[in-house]
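Below is the file data-v3.pdb, which contains PDB, C-alpha atoms and all ligand atoms.
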```pdb
ATOM      1  CA  MET L 471       0.000   0.000   0.000
ATOM      2  CA  ASN L 472       1.159   3.546  -0.730
ATOM      3  CA  PRO L 473       2.555   4.790   2.634
ATOM      4  CA  ILE L 474       0.929   8.225   2.188
ATOM      5  CA  THR L 475      -2.598   6.869   1.593
ATOM      6  CA  GLY L 476      -1.940   3.948   3.972
ATOM      7  CA  ILE L 477      -1.730   6.219   7.026
ATOM      8  CA  TYR L 478      -5.328   7.348   6.449
ATOM      9  CA  THR L 479      -6.605   3.812   6.966
ATOM     10  CA  THR L 480      -5.213   3.852  10.535
ATOM     11  CA  THR L 481      -7.124   5.252  13.521
ATOM     12  CA  VAL L 482      -4.460   7.936  14.067
ATOM     13  CA  GLY L 483      -4.559   8.858  10.359
ATOM     14  CA  LYS L 484      -8.335   9.321  10.486
ATOM     15  CA  LYS L 485      -8.041  11.451  13.641
ATOM     16  CA  ILE L 486      -5.424  13.627  11.899
ATOM     17  CA  LEU L 487      -7.790  14.037   8.921
ATOM     18  CA  MET L 488     -10.560  15.083  11.319
ATOM     19  CA  ALA L 489      -8.244  17.550  13.055
ATOM     20  CA  VAL L 490      -6.936  19.165   9.848
ATOM     21  CA  THR L 491     -10.393  19.474   8.236
ATOM     22  CA  GLY L 492     -11.697  20.646  11.639
ATOM     23  CA  ILE L 493      -9.170  23.511  11.707
ATOM     24  CA  ILE L 494     -10.252  24.649   8.213
ATOM     25  CA  LEU L 495     -13.940  24.471   9.229
ATOM     26  CA  VAL L 496     -13.285  26.417  12.472
ATOM     27  CA  LEU L 497     -11.491  29.133  10.469
ATOM     28  CA  TYR L 498     -14.503  29.297   8.114
ATOM     29  CA  VAL L 499     -16.934  29.548  11.048
ATOM     30  CA  LEU L 500     -14.870  32.403  12.555
ATOM     31  CA  ALA L 501     -14.667  34.255   9.217
ATOM     32  CA  HIS L 502     -18.412  33.736   8.623
ATOM     33  CA  MET L 503     -19.163  35.046  12.121
ATOM     34  CA  LEU L 504     -17.169  38.237  11.399
ATOM     35  CA  GLY L 505     -19.075  38.602   8.109
ATOM     36  CA  ASN L 506     -22.418  38.106   9.902
ATOM     37  CA  LEU L 507     -21.612  40.690  12.607
ATOM     38  CA  GLN L 508     -21.529  43.388   9.908
ATOM     39  CA  ILE L 509     -25.331  43.219  10.072
ATOM     40  CA  TYR L 510     -25.048  45.484  13.150
ATOM     41  CA  ILE L 511     -23.343  48.167  11.019
ATOM     42  CA  GLY L 512     -26.348  48.219   8.725
ATOM     43  CA  ALA L 513     -28.009  46.883   5.588
ATOM     44  CA  GLU L 514     -25.700  48.728   3.205
ATOM     45  CA  ARG L 515     -22.584  47.305   4.796
ATOM     46  CA  ILE L 516     -23.592  43.613   4.899
ATOM     47  CA  ASP L 517     -25.250  43.743   1.461
ATOM     48  CA  ALA L 518     -22.084  45.278  -0.019
ATOM     49  CA  TYR L 519     -20.065  42.503   1.633
ATOM     50  CA  ALA L 520     -22.297  39.839   0.009
ATOM     51  CA  ARG L 521     -21.968  41.559  -3.391
ATOM     52  CA  LEU L 522     -18.179  41.616  -2.959
ATOM     53  CA  LEU L 523     -18.070  37.866  -2.215
ATOM     54  CA  HIS L 524     -20.296  37.119  -5.209
ATOM     55  CA  SER L 525     -18.293  39.373  -7.551
ATOM     56  CA  MET L 526     -15.491  36.799  -7.690
ATOM     57  CA  PRO L 527     -17.206  33.557  -8.824
ATOM     58  CA  PRO L 528     -14.011  31.490  -9.304
ATOM     59  CA  LEU L 529     -12.835  32.326  -5.781
ATOM     60  CA  LEU L 530     -16.311  31.750  -4.302
ATOM     61  CA  TRP L 531     -16.632  28.333  -5.970
ATOM     62  CA  PHE L 532     -13.102  27.378  -4.969
ATOM     63  CA  ALA L 533     -13.916  28.210  -1.310
ATOM     64  CA  ARG L 534     -17.213  26.275  -1.581
ATOM     65  CA  ALA L 535     -15.393  23.237  -3.038
ATOM     66  CA  VAL L 536     -12.785  23.304  -0.226
ATOM     67  CA  LEU L 537     -15.549  23.601   2.390
ATOM     68  CA  LEU L 538     -17.594  20.775   0.901
ATOM     69  CA  PHE L 539     -14.505  18.554   0.669
ATOM     70  CA  CYS L 540     -13.627  19.277   4.341
ATOM     71  CA  VAL L 541     -17.192  18.619   5.525
ATOM     72  CA  LEU L 542     -17.334  15.295   3.647
ATOM     73  CA  VAL L 543     -13.900  14.097   4.845
ATOM     74  CA  HIS L 544     -14.724  15.204   8.423
ATOM     75  CA  ILE L 545     -18.007  13.247   8.389
ATOM     76  CA  VAL L 546     -16.635  10.084   6.716
ATOM     77  CA  ALA L 547     -13.684   9.930   9.150
ATOM     78  CA  ALA L 548     -16.024  10.556  12.126
ATOM     79  CA  VAL L 549     -18.405   7.755  11.090
ATOM     80  CA  GLN L 550     -15.517   5.343  10.449
ATOM     81  CA  LEU L 551     -13.925   6.120  13.832
ATOM     82  CA  TRP L 552     -17.280   5.738  15.586
ATOM     83  CA  LEU L 553     -17.912   2.350  13.915
ATOM     84  CA  ARG L 554     -14.359   1.200  14.718
ATOM     85  CA  ASN L 555     -14.767   2.313  18.324
ATOM     86  CA  ARG L 556     -18.062   0.424  18.664
ATOM     87  CA  ALA L 557     -16.695  -2.729  17.044
ATOM     88  CA  SER L 558     -13.689  -2.753  19.382
ATOM     89  CA  ARG L 559     -15.956  -2.624  22.465
ATOM     90  CA  PRO L 560     -19.005  -4.843  21.782
ATOM     91  CA  VAL L 561     -19.902  -4.930  25.511
ATOM     92  CA  LYS L 562     -20.345  -1.417  26.926
ATOM     93  CA  TYR L 563     -18.576  -0.387  30.110
ATOM     94  CA  ARG L 564     -21.139  -0.303  32.953
ATOM     95  CA  MET L 565     -19.746   2.877  34.498
ATOM     96  CA  PHE L 566     -17.254   4.528  32.189
ATOM     97  CA  ARG L 567     -16.857   8.232  32.833
ATOM     98  CA  PRO L 568     -13.252   9.309  32.379
ATOM     99  CA  PRO L 569     -12.962  12.992  33.372
ATOM    100  CA  GLU L 570     -12.159  14.180  29.840
ATOM    101  CA  VAL L 571     -15.384  12.640  28.528
ATOM    102  CA  ASP L 572     -17.447  15.633  29.594
ATOM    103  CA  LEU L 573     -20.856  16.773  28.391
ATOM    104  CA  ALA L 574     -19.485  18.290  25.157
ATOM    105  CA  ALA L 575     -17.616  15.069  24.332
ATOM    106  CA  ARG L 576     -20.694  12.923  24.845
ATOM    107  CA  THR L 577     -22.763  15.213  22.619
ATOM    108  CA  MET L 578     -20.345  14.959  19.640
ATOM    109  CA  VAL L 579     -22.059  11.835  18.265
ATOM    110  CA  TRP L 580     -25.419  13.527  17.835
ATOM    111  CA  SER L 581     -24.420  17.223  17.622
ATOM    112  CA  GLY L 582     -22.491  16.404  14.410
ATOM    113  CA  PRO L 583     -25.487  14.939  12.493
ATOM    114  CA  ILE L 584     -27.826  17.681  13.796
ATOM    115  CA  LEU L 585     -25.365  20.364  12.620
ATOM    116  CA  LEU L 586     -25.307  18.724   9.181
ATOM    117  CA  LEU L 587     -29.126  18.933   9.031
ATOM    118  CA  PHE L 588     -28.913  22.573  10.179
ATOM    119  CA  ILE L 589     -26.390  23.451   7.432
ATOM    120  CA  ILE L 590     -28.701  21.927   4.775
ATOM    121  CA  TYR L 591     -31.653  23.949   6.160
ATOM    122  CA  HIS L 592     -29.458  27.094   6.411
ATOM    123  CA  LEU L 593     -28.357  26.828   2.756
ATOM    124  CA  LEU L 594     -31.997  26.405   1.633
ATOM    125  CA  HIS L 595     -33.002  29.320   3.886
ATOM    126  CA  LEU L 596     -30.353  32.013   3.352
ATOM    127  CA  THR L 597     -28.319  30.932   0.285
ATOM    128  CA  THR L 598     -30.805  29.488  -2.238
ATOM    129  CA  GLY L 599     -33.953  30.943  -0.608
ATOM    130  CA  ASP L 600     -36.035  27.778  -1.173
ATOM    131  CA  ALA L 601     -36.947  27.620   2.541
ATOM    132  CA  HIS L 602     -37.391  31.412   2.931
ATOM    133  CA  PRO L 603     -40.745  33.253   2.976
ATOM    134  CA  ASN L 604     -39.522  36.219   0.852
ATOM    135  CA  TYR L 605     -35.978  35.697  -0.429
ATOM    136  CA  GLU L 606     -34.140  38.438  -2.328
ATOM    137  CA  GLU L 607     -30.944  37.815  -4.289
ATOM    138  CA  LEU L 608     -27.817  39.496  -2.772
ATOM    139  CA  ALA L 609     -29.804  41.111   0.057
ATOM    140  CA  PRO L 610     -28.623  39.316   3.236
ATOM    141  CA  PHE L 611     -29.904  42.074   5.568
ATOM    142  CA  HIS L 612     -33.467  41.715   4.260
ATOM    143  CA  ASN L 613     -33.181  37.903   4.124
ATOM    144  CA  VAL L 614     -31.909  37.592   7.712
ATOM    145  CA  VAL L 615     -34.386  40.098   9.218
ATOM    146  CA  VAL L 616     -37.414  38.661   7.378
ATOM    147  CA  GLY L 617     -36.203  35.065   7.879
ATOM    148  CA  PHE L 618     -35.676  35.391  11.655
ATOM    149  CA  ALA L 619     -39.000  37.171  12.164
ATOM    150  CA  VAL L 620     -40.450  33.656  11.901
ATOM    151  CA  TRP L 621     -40.029  32.558  15.545
ATOM    152  CA  TRP L 622     -39.444  28.863  14.874
ATOM    153  CA  ALA L 623     -36.800  29.612  12.223
ATOM    154  CA  ALA L 624     -35.007  31.884  14.735
ATOM    155  CA  GLY L 625     -35.378  29.047  17.283
ATOM    156  CA  ILE L 626     -33.691  26.569  14.927
ATOM    157  CA  TYR L 627     -30.697  28.944  14.587
ATOM    158  CA  ILE L 628     -30.476  29.486  18.347
ATOM    159  CA  VAL L 629     -30.517  25.751  19.164
ATOM    160  CA  ALA L 630     -28.140  24.877  16.271
ATOM    161  CA  ASN L 631     -25.627  27.534  17.334
ATOM    162  CA  LEU L 632     -25.758  26.320  20.945
ATOM    163  CA  LEU L 633     -24.918  22.833  19.672
ATOM    164  CA  LEU L 634     -22.217  24.331  17.435
ATOM    165  CA  ALA L 635     -20.647  25.936  20.531
ATOM    166  CA  PHE L 636     -20.524  22.553  22.319
ATOM    167  CA  HIS L 637     -19.179  20.882  19.179
ATOM    168  CA  LEU L 638     -16.475  23.550  18.774
ATOM    169  CA  TYR L 639     -15.499  23.337  22.436
ATOM    170  CA  HIS L 640     -14.822  19.624  22.388
ATOM    171  CA  GLY L 641     -13.556  19.611  18.768
ATOM    172  CA  VAL L 642     -10.928  22.316  19.306
ATOM    173  CA  TRP L 643      -9.819  20.780  22.593
ATOM    174  CA  SER L 644      -9.378  17.294  21.096
ATOM    175  CA  LEU L 645      -7.696  18.430  17.887
ATOM    176  CA  PHE L 646      -4.817  19.767  19.997
ATOM    177  CA  GLN L 647      -4.486  16.300  21.498
ATOM    178  CA  THR L 648      -4.545  14.603  18.074
ATOM    179  CA  LEU L 649      -1.877  16.934  16.698
ATOM    180  CA  GLY L 650       0.349  16.300  19.708
ATOM    181  CA  TRP L 651      -0.039  19.780  21.226
ATOM    182  CA  ASP L 652      -1.047  18.292  24.551
ATOM    183  CA  HIS L 653       1.896  18.995  26.829
ATOM    184  CA  PRO L 654       0.508  19.141  30.423
ATOM    185  CA  LYS L 655       1.927  22.679  30.712
ATOM    186  CA  TRP L 656      -0.494  23.815  27.971
ATOM    187  CA  GLY L 657      -3.517  21.892  29.340
ATOM    188  CA  PRO L 658      -5.384  24.946  30.761
ATOM    189  CA  CYS L 659      -4.512  27.033  27.632
ATOM    190  CA  ARG L 660      -6.107  24.405  25.401
ATOM    191  CA  ARG L 661      -9.283  24.494  27.486
ATOM    192  CA  TYR L 662      -9.380  28.317  27.555
ATOM    193  CA  LEU L 663      -8.836  28.603  23.795
ATOM    194  CA  ALA L 664     -11.494  25.977  23.048
ATOM    195  CA  ALA L 665     -13.922  27.672  25.467
ATOM    196  CA  ALA L 666     -13.165  31.156  24.067
ATOM    197  CA  ILE L 667     -13.846  30.076  20.453
ATOM    198  CA  ALA L 668     -17.060  28.285  21.484
ATOM    199  CA  VAL L 669     -18.384  31.194  23.588
ATOM    200  CA  VAL L 670     -17.465  33.917  21.052
ATOM    201  CA  VAL L 671     -18.955  32.090  18.028
ATOM    202  CA  GLY L 672     -22.038  30.915  19.943
ATOM    203  CA  THR L 673     -22.774  34.337  21.462
ATOM    204  CA  ALA L 674     -22.153  36.315  18.257
ATOM    205  CA  ASN L 675     -24.278  34.043  16.061
ATOM    206  CA  ILE L 676     -27.121  33.624  18.568
ATOM    207  CA  SER L 677     -27.261  37.395  19.129
ATOM    208  CA  ILE L 678     -28.549  37.880  15.542
ATOM    209  CA  PRO L 679     -31.830  35.886  15.729
ATOM    210  CA  LEU L 680     -32.340  37.278  19.259
ATOM    211  CA  ALA L 681     -31.816  40.860  17.996
ATOM    212  CA  VAL L 682     -34.428  40.296  15.257
ATOM    213  CA  LEU L 683     -36.934  38.751  17.695
ATOM    214  CA  ALA L 684     -36.354  41.655  20.130
ATOM    215  CA  GLY L 685     -36.913  44.217  17.345
ATOM    216  CA  VAL L 686     -33.361  45.612  17.615
ATOM    217  CA  LEU L 687     -32.654  44.597  14.000
ATOM    218  CA  HIS L 688     -35.491  45.576  11.688
ATOM    219  CA  GLN L 689     -36.094  46.946   8.214
TER
HETATM  220  C1  LIG C 701     -27.111  33.312  13.125
HETATM  221  C2  LIG C 701     -26.132  32.728  12.490
HETATM  222  C3  LIG C 701     -25.920  32.820  11.012
HETATM  223  C4  LIG C 701     -26.310  33.778  10.127
HETATM  224  C5  LIG C 701     -27.048  35.066  10.399
HETATM  225  C6  LIG C 701     -25.848  33.368   8.825
HETATM  226  C7  LIG C 701     -26.061  34.073   7.653
HETATM  227  C8  LIG C 701     -25.757  33.622   6.382
HETATM  228  C9  LIG C 701     -26.123  34.286   5.157
HETATM  229  C10 LIG C 701     -26.879  35.614   5.062
HETATM  230  C11 LIG C 701     -25.664  33.538   4.130
HETATM  231  C12 LIG C 701     -25.787  33.848   2.623
HETATM  232  C13 LIG C 701     -24.587  34.687   2.223
HETATM  233  C14 LIG C 701     -24.646  35.142   0.782
HETATM  234  O1  LIG C 701     -25.712  35.481   0.271
HETATM  235  O2  LIG C 701     -23.578  35.179   0.183
HETATM  236  C15 LIG C 701     -24.994  32.384   4.705
HETATM  237  C16 LIG C 701     -24.369  31.384   3.988
HETATM  238  C17 LIG C 701     -23.734  30.307   4.551
HETATM  239  N1  LIG C 701     -23.624  30.006   5.884
HETATM  240 FE1  LIG C 701     -24.364  31.073   7.395
HETATM  241  N2  LIG C 701     -25.166  32.174   8.942
HETATM  242  C18 LIG C 701     -25.194  31.797  10.261
HETATM  243  C19 LIG C 701     -24.623  30.668  10.827
HETATM  244  C20 LIG C 701     -23.928  29.713  10.112
HETATM  245  C21 LIG C 701     -23.309  28.566  10.690
HETATM  246  C22 LIG C 701     -23.318  28.224  12.172
HETATM  247  C23 LIG C 701     -22.720  27.861   9.665
HETATM  248  C24 LIG C 701     -21.910  26.602   9.698
HETATM  249  C25 LIG C 701     -21.725  25.845  10.747
HETATM  250  C26 LIG C 701     -22.993  28.570   8.446
HETATM  251  C27 LIG C 701     -22.582  28.185   7.194
HETATM  252  C28 LIG C 701     -22.914  28.834   6.020
HETATM  253  C29 LIG C 701     -22.526  28.348   4.698
HETATM  254  C30 LIG C 701     -21.723  27.090   4.387
HETATM  255  C31 LIG C 701     -23.051  29.267   3.772
HETATM  256  C32 LIG C 701     -22.940  29.230   2.254
HETATM  257  C33 LIG C 701     -21.833  30.123   1.780
HETATM  258  C34 LIG C 701     -21.770  30.103   0.268
HETATM  259  O3  LIG C 701     -21.188  29.176  -0.263
HETATM  260  O4  LIG C 701     -22.319  30.986  -0.359
HETATM  261  N3  LIG C 701     -23.715  29.696   8.756
HETATM  262  N4  LIG C 701     -25.063  32.461   6.077
END
```

As structure tokens, the full file:
Amino acid sequence: MNPITGIYTTTVGKKILMAVTGIILVLYVLAHMLGNLQIYIGAERIDAYARLLHSMPPLLWFARAVLLFCVLVHIVAAVQLWLRNRASRPVKYRMFRPPEVDLAARTMVWSGPILLLFIIYHLLHLTTGDAHPNYEELAPFHNVVVGFAVWWAAGIYIVANLLLAFHLYHGVWSLFQTLGWDHPKWGPCRRYLAAAIAVVVGTANISIPLAVLAGVLHQ
């Protein structure tokens, strides 16, 4: 077997794939959050930002292809690791609660699939407009404000971004471990960084549907 492709069939290789694609996805989520926060500057600002992104189709499609590739690799590796983990332990431990397996870690198995469903809904809602009551091309301010005025749609975003925060917290923390950046000296730093990313992304994203529901963001 080719030694380069061979490593990806090992458990460590799959974890490295998850970590590397995870880093790219975290960077996208952070960049997207900064883009979204421009909604507080006003309609002109965020609409101009959307027009700028769409004015460079080759770059936009390249970024979309990279994202899609990372999401697919991340999911396939996660499912394979989960199946391997289950197969290696056919009889469950009766009381197995190592300290690092905290709430966020235990939610990874179902927060991942729910986030995938959320992303599909989100694309139909705010990118293609198929799941939006009154979608307008290249008008994210209008689309977000009108879209989140529907309470259950805003609720979906709030719950999904809470789950995203948990997923990011455990994901960022464990990718340091996978990549070997787990010296005991850095233990608390890893936790703080993972918590900071989770809290910042969760709070910033959730603030937008809440601001629409509270009438702070309106047309
Ligand atoms: C309240 C939170 C969010 C808001 C307000 C929001 C807003 C938007 C808007 C307005 C668009 C369309 C942009 C355009 O027309 O170019 C978009 C696209 C997108 N969003 Fe979000 N988003 C949020 C959360 C998320 C989250 C949590 C994820 C991923 C985990 C995500 C992933 C995406 C992706 C992949 C696209 C498609 C980008 C493209 O290829 O055009 N978004 N978002």

Shell of 8 Å around ligand LIG 701 (chain C) (all atoms listed in the file), written as number ranges by chain
L: 499, 502-503, 506, 520-521, 523-524, 530-531, 533-534, 537, 585, 588-589, 592-593, 596-597, 607-611, 613-614, 627-628, 630-631, 634, 674-679

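Counting only C-alpha atoms and comparing L:Ile590, L:Thr479, L:Val549, L:Gly505, the residue that lies closest to Asp517 (chain L) is L:Gly505.
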
Straight-line distance linking CA of Trp643 (chain L) with CA of Val669 (chain L), stated in Å to one decimal
13.5 Å

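Among the candidates L:Leu587, L:Leu638, L:Ala623, L:Tyr605, the residue lying nearest to Leu495 (chain L) is L:Leu638 (atoms considered: only C-alpha atoms).
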
Quick one: apply the PyMOL selection byres (((chain L and resi 547) around 10) and not hetatm) to the file and drop the selected residues here as a count of residues only.
20

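One finds CA of Ala666 (chain L) at 25.7 Å from CA of Leu687 (chain L).
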
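Each of L:Leu504, L:Ala624, L:Ala489, L:Val482 was checked against Ala681 (chain L) using only C-alpha atoms; the smallest atom-to-atom distance is that of L:Ala624.
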
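The residue that comes closest to Val615 (chain L), out of L:Ser525, L:Asn472, L:Gln689, L:Thr491 and on the basis of all atoms listed in the file, is L:Gln689.
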
Go through the shown structure with the PyMOL selection byres (((chain L and resi 581) around 9) and not hetatm) and write out the matching residues as number ranges by chain.
L: 577-580, 582-586, 630, 633-634, 636-637

Could you check the closest approach to Ala665 (chain L) for each of L:Ala518, L:Leu497, L:His640, L:Tyr510 and tell me which residue wins, using only C-alpha atoms?
L:His640

Give as a ChimeraX atom specification the set of residues within 6 Å of the point (-10.0, 20.8, 14.9), where distances use the file's coordinates and all atoms listed in the file.
/L:489,492-493,641-642,645

Just give me the gap between CA of Val490 (chain L) and CA of Lys655 (chain L) in Å, one decimal is fine.
22.9 Å

Starting from the displayed file, determine the output of the PyMOL selection byres (((chain L and resi 620) around 10) and not hetatm) and express the residue list as a ChimeraX atom specification.
/L:602-603,615-619,621-625,679,682-683

So, counting all atoms listed in the file, which residue among L:Leu594, L:Ala601, L:Gly672, L:Ile509 is closest to Val686 (chain L)?
L:Ile509

Using the structure just given, write a file holding all heavy atoms for region 631-641 of chain L, as a compact mmCIF listing (two decimals), in the first residue's frame.
```txt
# COMPACT_ATOMS: atom_id res chain seq x y z
N ASN L 631 -26.88 26.86 16.97
CA ASN L 631 -25.63 27.53 17.33
C ASN L 631 -25.18 27.20 18.75
O ASN L 631 -23.98 27.25 19.05
CB ASN L 631 -25.74 29.05 17.10
CG ASN L 631 -25.48 29.38 15.64
OD1 ASN L 631 -24.34 29.33 15.18
ND2 ASN L 631 -26.53 29.65 14.88
N LEU L 632 -26.14 26.83 19.61
CA LEU L 632 -25.76 26.32 20.95
C LEU L 632 -25.01 24.99 20.78
O LEU L 632 -23.95 24.77 21.37
CB LEU L 632 -27.00 26.08 21.79
CG LEU L 632 -27.44 27.18 22.73
CD1 LEU L 632 -28.73 26.80 23.43
CD2 LEU L 632 -26.34 27.46 23.76
N LEU L 633 -25.57 24.12 19.93
CA LEU L 633 -24.92 22.83 19.67
C LEU L 633 -23.55 23.04 19.03
O LEU L 633 -22.59 22.36 19.33
CB LEU L 633 -25.78 21.98 18.72
CG LEU L 633 -26.94 21.25 19.36
CD1 LEU L 633 -27.68 20.43 18.31
CD2 LEU L 633 -26.43 20.33 20.46
N LEU L 634 -23.49 24.04 18.10
CA LEU L 634 -22.22 24.33 17.43
C LEU L 634 -21.17 24.72 18.48
O LEU L 634 -20.01 24.30 18.41
CB LEU L 634 -22.40 25.45 16.41
CG LEU L 634 -21.12 25.97 15.74
CD1 LEU L 634 -20.52 24.88 14.84
CD2 LEU L 634 -21.39 27.22 14.91
N ALA L 635 -21.59 25.51 19.49
CA ALA L 635 -20.65 25.94 20.53
C ALA L 635 -20.10 24.72 21.29
O ALA L 635 -18.89 24.60 21.50
CB ALA L 635 -21.33 26.91 21.49
N PHE L 636 -20.98 23.78 21.64
CA PHE L 636 -20.52 22.55 22.32
C PHE L 636 -19.58 21.76 21.42
O PHE L 636 -18.55 21.26 21.86
CB PHE L 636 -21.73 21.67 22.67
CG PHE L 636 -22.35 22.02 23.99
CD1 PHE L 636 -23.42 22.90 24.06
CD2 PHE L 636 -21.88 21.47 25.16
CE1 PHE L 636 -23.99 23.24 25.28
CE2 PHE L 636 -22.44 21.79 26.39
CZ PHE L 636 -23.51 22.68 26.44
N HIS L 637 -19.97 21.65 20.14
CA HIS L 637 -19.18 20.88 19.18
C HIS L 637 -17.79 21.51 19.01
O HIS L 637 -16.77 20.82 19.02
CB HIS L 637 -19.93 20.86 17.84
CG HIS L 637 -19.51 19.76 16.91
ND1 HIS L 637 -20.06 18.50 16.96
CD2 HIS L 637 -18.60 19.72 15.91
CE1 HIS L 637 -19.51 17.75 16.02
NE2 HIS L 637 -18.61 18.47 15.37
N LEU L 638 -17.75 22.85 18.93
CA LEU L 638 -16.48 23.55 18.77
C LEU L 638 -15.61 23.37 20.01
O LEU L 638 -14.39 23.16 19.92
CB LEU L 638 -16.71 25.05 18.57
CG LEU L 638 -17.17 25.49 17.19
CD1 LEU L 638 -17.51 26.98 17.21
CD2 LEU L 638 -16.07 25.24 16.16
N TYR L 639 -16.25 23.44 21.18
CA TYR L 639 -15.50 23.34 22.44
C TYR L 639 -14.76 22.00 22.49
O TYR L 639 -13.54 21.95 22.65
CB TYR L 639 -16.45 23.49 23.63
CG TYR L 639 -15.77 23.27 24.95
CD1 TYR L 639 -14.71 24.08 25.34
CD2 TYR L 639 -16.18 22.25 25.80
CE1 TYR L 639 -14.08 23.87 26.55
CE2 TYR L 639 -15.55 22.03 27.01
CZ TYR L 639 -14.49 22.84 27.38
OH TYR L 639 -13.86 22.63 28.56
N HIS L 640 -15.49 20.91 22.31
CA HIS L 640 -14.82 19.62 22.39
C HIS L 640 -13.90 19.39 21.19
O HIS L 640 -12.81 18.84 21.32
CB HIS L 640 -15.81 18.47 22.50
CG HIS L 640 -15.09 17.16 22.63
ND1 HIS L 640 -14.43 16.81 23.78
CD2 HIS L 640 -14.85 16.18 21.74
CE1 HIS L 640 -13.83 15.65 23.61
NE2 HIS L 640 -14.07 15.24 22.37
N GLY L 641 -14.35 19.83 19.99
CA GLY L 641 -13.56 19.61 18.77
C GLY L 641 -12.20 20.30 18.84
O GLY L 641 -11.17 19.69 18.57
```
